[in-house]
Amino acid sequence: MRTHPMIIIGGILQENPFFVPPDEFLRELRERHTTRNGPSPTGV
Amino acid sequence: MDPDDDRVKSGRRVSSEISRPIRFAGSVLDAQRHVCAFFHSHDEEYSTLLPFIKDGFERGEKAFHIVDPKRREEHRLRLASAGIEVEAAEKSGQFELRNWADAYLRDGHFDQDRMLALIEEVLEGGRQQGFALTRLVADMEWALEDRPGVDDLVEYETRLNYVLPRYNDPVI
């Protein structure tokens, strides 16, 4: 639901107050992924 | 007369009307046209969507719908019940109806990159056919099932917000 700028609930179209812009949302997803799996291995 | 002539003329006519407001669900669609809709029942769904869908047909816009294959015939009947000439619209290219397996779940799984490409292809295709707008309406109930790739759906939906601002087409 946070990925849609507009929402219909109860048959009424309205701006979605929970909308998160894609840059911010993708950052959040990456952080969630890192927290769950730990940092990706880097280097040799 | 070439049937394509009608479509092109119709497209031109509609082009001049593109600035007309699009009414939808008790409001007017603004620049943001990526819409999420929740319904308690199919009756509620169609009572909200049908006026919007019918308006698009009457304005000569393209309709691209993605449905649960189990509900395909019911969907066509619901459109017909609103006075939409479904078969004629399909023949003319104004209406395209796809099952989940021909859109979100091609080859049995969800691939977000492939789906983003399909959305762009559909919206661009509508323009190339001469339609001023495409109203894309997709049933997403498959996402409630345990389908391969479904975990990528949220990322896909947010990435769609990079694509859709380049178009005027409503995506529901």
# chains A, B, ... in the order shown; residues from 1 in each chain; ligands from 1
>>> residues_around(residues="Met115 in chain B", least_positions_apart="4", cutoff="10 Å", atoms="only C-alpha atoms", output="number ranges by chain")
B: 103-106, 110-111, 119-121, 156, 160
>>> write_last_selection(atoms="N, CA and C atoms", output="compact mmCIF listing (two decimals), in the first residue's frame")
# COMPACT_ATOMS: atom_id res chain seq x y z
N ALA B 103 0.79 -12.11 -18.20
CA ALA B 103 1.28 -10.80 -17.75
C ALA B 103 2.18 -10.99 -16.52
N TYR B 104 1.59 -11.00 -15.34
CA TYR B 104 2.40 -11.09 -14.11
C TYR B 104 3.09 -12.44 -13.96
N LEU B 105 2.45 -13.48 -14.43
CA LEU B 105 2.93 -14.83 -14.11
C LEU B 105 3.34 -15.60 -15.36
N ARG B 106 4.01 -14.92 -16.26
CA ARG B 106 4.50 -15.63 -17.45
C ARG B 106 5.51 -16.68 -17.02
N PHE B 110 6.62 -14.67 -11.13
CA PHE B 110 6.64 -13.22 -11.27
C PHE B 110 8.08 -12.74 -11.41
N ASP B 111 8.31 -11.97 -12.47
CA ASP B 111 9.64 -11.39 -12.73
C ASP B 111 9.44 -9.88 -12.83
N ILE B 119 4.69 -3.28 -18.86
CA ILE B 119 3.87 -2.08 -18.62
C ILE B 119 4.27 -0.97 -19.60
N GLU B 120 5.56 -0.78 -19.75
CA GLU B 120 6.01 0.27 -20.69
C GLU B 120 5.59 -0.08 -22.12
N GLU B 121 5.72 -1.34 -22.45
CA GLU B 121 5.35 -1.79 -23.79
C GLU B 121 3.86 -1.52 -24.05
N TYR B 156 8.78 -4.18 -7.10
CA TYR B 156 8.23 -3.86 -8.42
C TYR B 156 7.29 -2.65 -8.34
N LEU B 160 7.76 0.94 -10.14
CA LEU B 160 6.78 1.44 -11.11
C LEU B 160 6.61 2.96 -10.98
>>> interface_residues(of="chain B", to="chain A", cutoff="6 Å", atoms="only C-alpha atoms", output="CSV table (one decimal) with C-alpha atoms, in the first residue's frame")
chain,number,residue,atom,x,y,z
B,25,ALA,CA,-14.3,7.0,-7.6
B,26,GLY,CA,-15.8,10.2,-6.5
B,27,SER,CA,-12.8,12.3,-7.3
B,34,HIS,CA,-0.8,4.9,-9.9
B,35,VAL,CA,-3.7,3.8,-7.9
B,36,CYS,CA,-4.1,1.0,-5.4
B,37,ALA,CA,-7.7,-0.1,-4.8
B,38,PHE,CA,-9.1,-2.3,-2.1
B,48,THR,CA,-16.3,1.5,-8.5
B,157,GLU,CA,5.4,-1.6,-7.2
B,158,THR,CA,7.8,1.0,-5.9
>>> closest_residue(among="B:Ser81, B:Gln112, B:Asn99, B:Gln94", to="Gly130 in chain B", atoms="only C-alpha atoms")
B:Gln94
>>> select_by_dssp(residues="chain B", states="strand (DSSP E)", output="short mmCIF file (atom, residue, chain, number, x, y, z; two decimals) with N, CA and C atoms, in the first residue's frame")
data_model
loop_
_atom_site.label_atom_id
_atom_site.label_comp_id
_atom_site.auth_asym_id
_atom_site.auth_seq_id
_atom_site.Cartn_x
_atom_site.Cartn_y
_atom_site.Cartn_z
N ARG B 23 -12.66 11.55 -14.15
CA ARG B 23 -13.35 11.30 -12.88
C ARG B 23 -13.21 9.83 -12.51
N PHE B 24 -12.97 9.60 -11.25
CA PHE B 24 -12.78 8.22 -10.80
C PHE B 24 -13.07 8.14 -9.32
N SER B 27 -13.79 11.26 -7.26
CA SER B 27 -12.79 12.33 -7.27
C SER B 27 -12.30 12.53 -8.71
N VAL B 28 -11.24 13.31 -8.86
CA VAL B 28 -10.65 13.53 -10.18
C VAL B 28 -9.19 13.10 -10.12
N VAL B 35 -2.66 3.90 -8.89
CA VAL B 35 -3.72 3.80 -7.88
C VAL B 35 -3.83 2.37 -7.35
N CYS B 36 -3.90 2.25 -6.05
CA CYS B 36 -4.15 0.97 -5.39
C CYS B 36 -5.61 0.97 -4.92
N ALA B 37 -6.31 -0.10 -5.19
CA ALA B 37 -7.73 -0.12 -4.81
C ALA B 37 -8.04 -1.39 -4.01
N LYS B 62 -7.75 3.50 -24.89
CA LYS B 62 -7.48 2.06 -24.86
C LYS B 62 -7.74 1.52 -23.45
N ALA B 63 -8.21 0.29 -23.39
CA ALA B 63 -8.38 -0.39 -22.11
C ALA B 63 -7.54 -1.66 -22.13
N PHE B 64 -6.67 -1.79 -21.16
CA PHE B 64 -5.84 -2.99 -21.03
C PHE B 64 -6.10 -3.57 -19.65
N HIS B 65 -6.68 -4.75 -19.60
CA HIS B 65 -7.07 -5.34 -18.31
C HIS B 65 -6.35 -6.67 -18.11
N ILE B 66 -5.96 -6.91 -16.87
CA ILE B 66 -5.33 -8.18 -16.50
C ILE B 66 -6.20 -8.82 -15.42
N VAL B 67 -6.60 -10.06 -15.67
CA VAL B 67 -7.56 -10.69 -14.76
C VAL B 67 -7.14 -12.11 -14.36
N PHE B 95 -9.56 -2.71 -26.86
CA PHE B 95 -9.60 -3.46 -25.60
C PHE B 95 -8.72 -4.69 -25.70
N GLU B 96 -7.90 -4.88 -24.68
CA GLU B 96 -7.10 -6.11 -24.60
C GLU B 96 -7.25 -6.69 -23.20
N LEU B 97 -7.59 -7.94 -23.15
CA LEU B 97 -7.80 -8.63 -21.87
C LEU B 97 -6.79 -9.76 -21.76
N ARG B 98 -6.00 -9.72 -20.71
CA ARG B 98 -4.99 -10.77 -20.51
C ARG B 98 -5.21 -11.49 -19.19
N ASN B 99 -4.85 -12.75 -19.20
CA ASN B 99 -4.85 -13.52 -17.97
C ASN B 99 -3.55 -13.25 -17.21
N THR B 134 -4.17 5.05 -22.28
CA THR B 134 -4.52 3.66 -21.96
C THR B 134 -4.91 3.60 -20.50
N ARG B 135 -6.06 3.05 -20.22
CA ARG B 135 -6.47 2.83 -18.82
C ARG B 135 -6.16 1.38 -18.50
N LEU B 136 -5.15 1.19 -17.68
CA LEU B 136 -4.70 -0.17 -17.35
C LEU B 136 -5.29 -0.56 -15.99
N VAL B 137 -6.04 -1.63 -15.99
CA VAL B 137 -6.67 -2.11 -14.76
C VAL B 137 -6.24 -3.55 -14.53
N ALA B 138 -5.59 -3.80 -13.40
CA ALA B 138 -5.04 -5.12 -13.15
C ALA B 138 -5.55 -5.67 -11.82
#
>>> select_by_dssp(residues="chain A", states="helix (DSSP H, G or I)", output="MDAnalysis selection string")
chainID A and resid 22:37
>>> write_last_selection(atoms="N, CA, C and O atoms", output="PDB file, in the first residue's frame")
ATOM      1  N   PRO A  22       9.835   6.309  -4.215  1.00  0.00           N
ATOM      2  CA  PRO A  22      10.609   5.105  -4.532  1.00  0.00           C
ATOM      3  C   PRO A  22      12.058   5.125  -4.029  1.00  0.00           C
ATOM      4  O   PRO A  22      12.554   4.083  -3.591  1.00  0.00           O
ATOM      5  N   ASP A  23      12.728   6.270  -4.086  1.00  0.00           N
ATOM      6  CA  ASP A  23      14.119   6.313  -3.583  1.00  0.00           C
ATOM      7  C   ASP A  23      14.164   5.861  -2.123  1.00  0.00           C
ATOM      8  O   ASP A  23      14.989   5.036  -1.728  1.00  0.00           O
ATOM      9  N   GLU A  24      13.267   6.444  -1.347  1.00  0.00           N
ATOM     10  CA  GLU A  24      13.234   6.147   0.090  1.00  0.00           C
ATOM     11  C   GLU A  24      12.801   4.698   0.345  1.00  0.00           C
ATOM     12  O   GLU A  24      13.361   4.008   1.206  1.00  0.00           O
ATOM     13  N   PHE A  25      11.839   4.267  -0.428  1.00  0.00           N
ATOM     14  CA  PHE A  25      11.332   2.915  -0.212  1.00  0.00           C
ATOM     15  C   PHE A  25      12.381   1.863  -0.576  1.00  0.00           C
ATOM     16  O   PHE A  25      12.576   0.871   0.147  1.00  0.00           O
ATOM     17  N   LEU A  26      13.086   2.096  -1.674  1.00  0.00           N
ATOM     18  CA  LEU A  26      14.127   1.137  -2.079  1.00  0.00           C
ATOM     19  C   LEU A  26      15.263   1.107  -1.050  1.00  0.00           C
ATOM     20  O   LEU A  26      15.827   0.048  -0.756  1.00  0.00           O
ATOM     21  N   ARG A  27      15.584   2.269  -0.501  1.00  0.00           N
ATOM     22  CA  ARG A  27      16.617   2.323   0.547  1.00  0.00           C
ATOM     23  C   ARG A  27      16.175   1.488   1.756  1.00  0.00           C
ATOM     24  O   ARG A  27      16.941   0.714   2.309  1.00  0.00           O
ATOM     25  N   GLU A  28      14.901   1.655   2.100  1.00  0.00           N
ATOM     26  CA  GLU A  28      14.342   0.904   3.227  1.00  0.00           C
ATOM     27  C   GLU A  28      14.400  -0.612   2.951  1.00  0.00           C
ATOM     28  O   GLU A  28      14.757  -1.397   3.824  1.00  0.00           O
ATOM     29  N   LEU A  29      14.074  -0.996   1.734  1.00  0.00           N
ATOM     30  CA  LEU A  29      14.116  -2.422   1.380  1.00  0.00           C
ATOM     31  C   LEU A  29      15.535  -2.968   1.484  1.00  0.00           C
ATOM     32  O   LEU A  29      15.756  -4.073   1.979  1.00  0.00           O
ATOM     33  N   ARG A  30      16.503  -2.173   1.002  1.00  0.00           N
ATOM     34  CA  ARG A  30      17.909  -2.621   1.071  1.00  0.00           C
ATOM     35  C   ARG A  30      18.343  -2.775   2.525  1.00  0.00           C
ATOM     36  O   ARG A  30      19.016  -3.739   2.884  1.00  0.00           O
ATOM     37  N   GLU A  31      17.928  -1.819   3.357  1.00  0.00           N
ATOM     38  CA  GLU A  31      18.310  -1.883   4.778  1.00  0.00           C
ATOM     39  C   GLU A  31      17.684  -3.107   5.448  1.00  0.00           C
ATOM     40  O   GLU A  31      18.334  -3.791   6.231  1.00  0.00           O
ATOM     41  N   ARG A  32      16.435  -3.355   5.108  1.00  0.00           N
ATOM     42  CA  ARG A  32      15.752  -4.535   5.666  1.00  0.00           C
ATOM     43  C   ARG A  32      16.488  -5.806   5.260  1.00  0.00           C
ATOM     44  O   ARG A  32      16.701  -6.705   6.052  1.00  0.00           O
ATOM     45  N   HIS A  33      16.894  -5.865   3.986  1.00  0.00           N
ATOM     46  CA  HIS A  33      17.580  -7.036   3.459  1.00  0.00           C
ATOM     47  C   HIS A  33      18.917  -7.227   4.164  1.00  0.00           C
ATOM     48  O   HIS A  33      19.290  -8.336   4.553  1.00  0.00           O
ATOM     49  N   THR A  34      19.614  -6.127   4.395  1.00  0.00           N
ATOM     50  CA  THR A  34      20.921  -6.205   5.063  1.00  0.00           C
ATOM     51  C   THR A  34      20.754  -6.660   6.509  1.00  0.00           C
ATOM     52  O   THR A  34      21.511  -7.488   7.009  1.00  0.00           O
ATOM     53  N   THR A  35      19.748  -6.116   7.173  1.00  0.00           N
ATOM     54  CA  THR A  35      19.509  -6.488   8.572  1.00  0.00           C
ATOM     55  C   THR A  35      19.192  -7.982   8.682  1.00  0.00           C
ATOM     56  O   THR A  35      19.658  -8.676   9.583  1.00  0.00           O
ATOM     57  N   ARG A  36      18.415  -8.469   7.712  1.00  0.00           N
ATOM     58  CA  ARG A  36      17.995  -9.867   7.762  1.00  0.00           C
ATOM     59  C   ARG A  36      19.150 -10.815   7.439  1.00  0.00           C
ATOM     60  O   ARG A  36      19.342 -11.836   8.065  1.00  0.00           O
ATOM     61  N   ASN A  37      19.959 -10.438   6.438  1.00  0.00           N
ATOM     62  CA  ASN A  37      20.974 -11.366   5.931  1.00  0.00           C
ATOM     63  C   ASN A  37      22.397 -11.013   6.352  1.00  0.00           C
ATOM     64  O   ASN A  37      23.326 -11.753   6.048  1.00  0.00           O
TER      65      ASN A  37
END
>>> residues_around(residues="Ala82 in chain B", least_positions_apart="6", cutoff="10 Å", atoms="only C-alpha atoms", output="tab-separated table (two decimals) with N, CA, C and O atoms, in the first residue's frame")
chain	number	residue	atom	x	y	z
B	46	TYR	N	-16.71	-3.71	-9.02
B	46	TYR	CA	-17.23	-3.28	-10.32
B	46	TYR	C	-18.06	-2.01	-10.21
B	46	TYR	O	-18.09	-1.20	-11.15
B	50	LEU	N	-16.41	0.16	-12.98
B	50	LEU	CA	-17.11	0.20	-14.27
B	50	LEU	C	-17.35	1.61	-14.81
B	50	LEU	O	-17.14	1.84	-16.01
B	51	PRO	N	-17.77	2.58	-13.99
B	51	PRO	CA	-17.95	3.92	-14.57
B	51	PRO	C	-16.65	4.50	-15.14
B	51	PRO	O	-16.65	5.15	-16.19
B	53	ILE	N	-14.07	2.67	-16.25
B	53	ILE	CA	-13.73	1.89	-17.44
B	53	ILE	C	-14.59	2.33	-18.63
B	53	ILE	O	-14.10	2.57	-19.73
B	54	LYS	N	-15.89	2.48	-18.36
B	54	LYS	CA	-16.80	2.85	-19.44
B	54	LYS	C	-16.48	4.24	-20.00
B	54	LYS	O	-16.51	4.47	-21.20
>>> residues_around(residues="Asp68 in chain B", least_positions_apart="3", cutoff="8 Å", atoms="only C-alpha atoms", output="number ranges by chain")
B: 71-72, 99-100, 139, 141-142
>>> closest_residue(among="B:Ala31, B:Glu74, B:Gly149, B:Gly83", to="Tyr167 in chain B", atoms="only C-alpha atoms")
B:Ala31
>>> closest_residue(among="B:Arg147, B:Val171, B:Glu44, B:Glu73", to="Gly108 in chain B", atoms="only C-alpha atoms")
B:Arg147
>>> residues_around(residues="Ala143 in chain B", least_positions_apart="6", cutoff="9 Å", atoms="only C-alpha atoms", output="number ranges by chain")
B: 150-151, 153
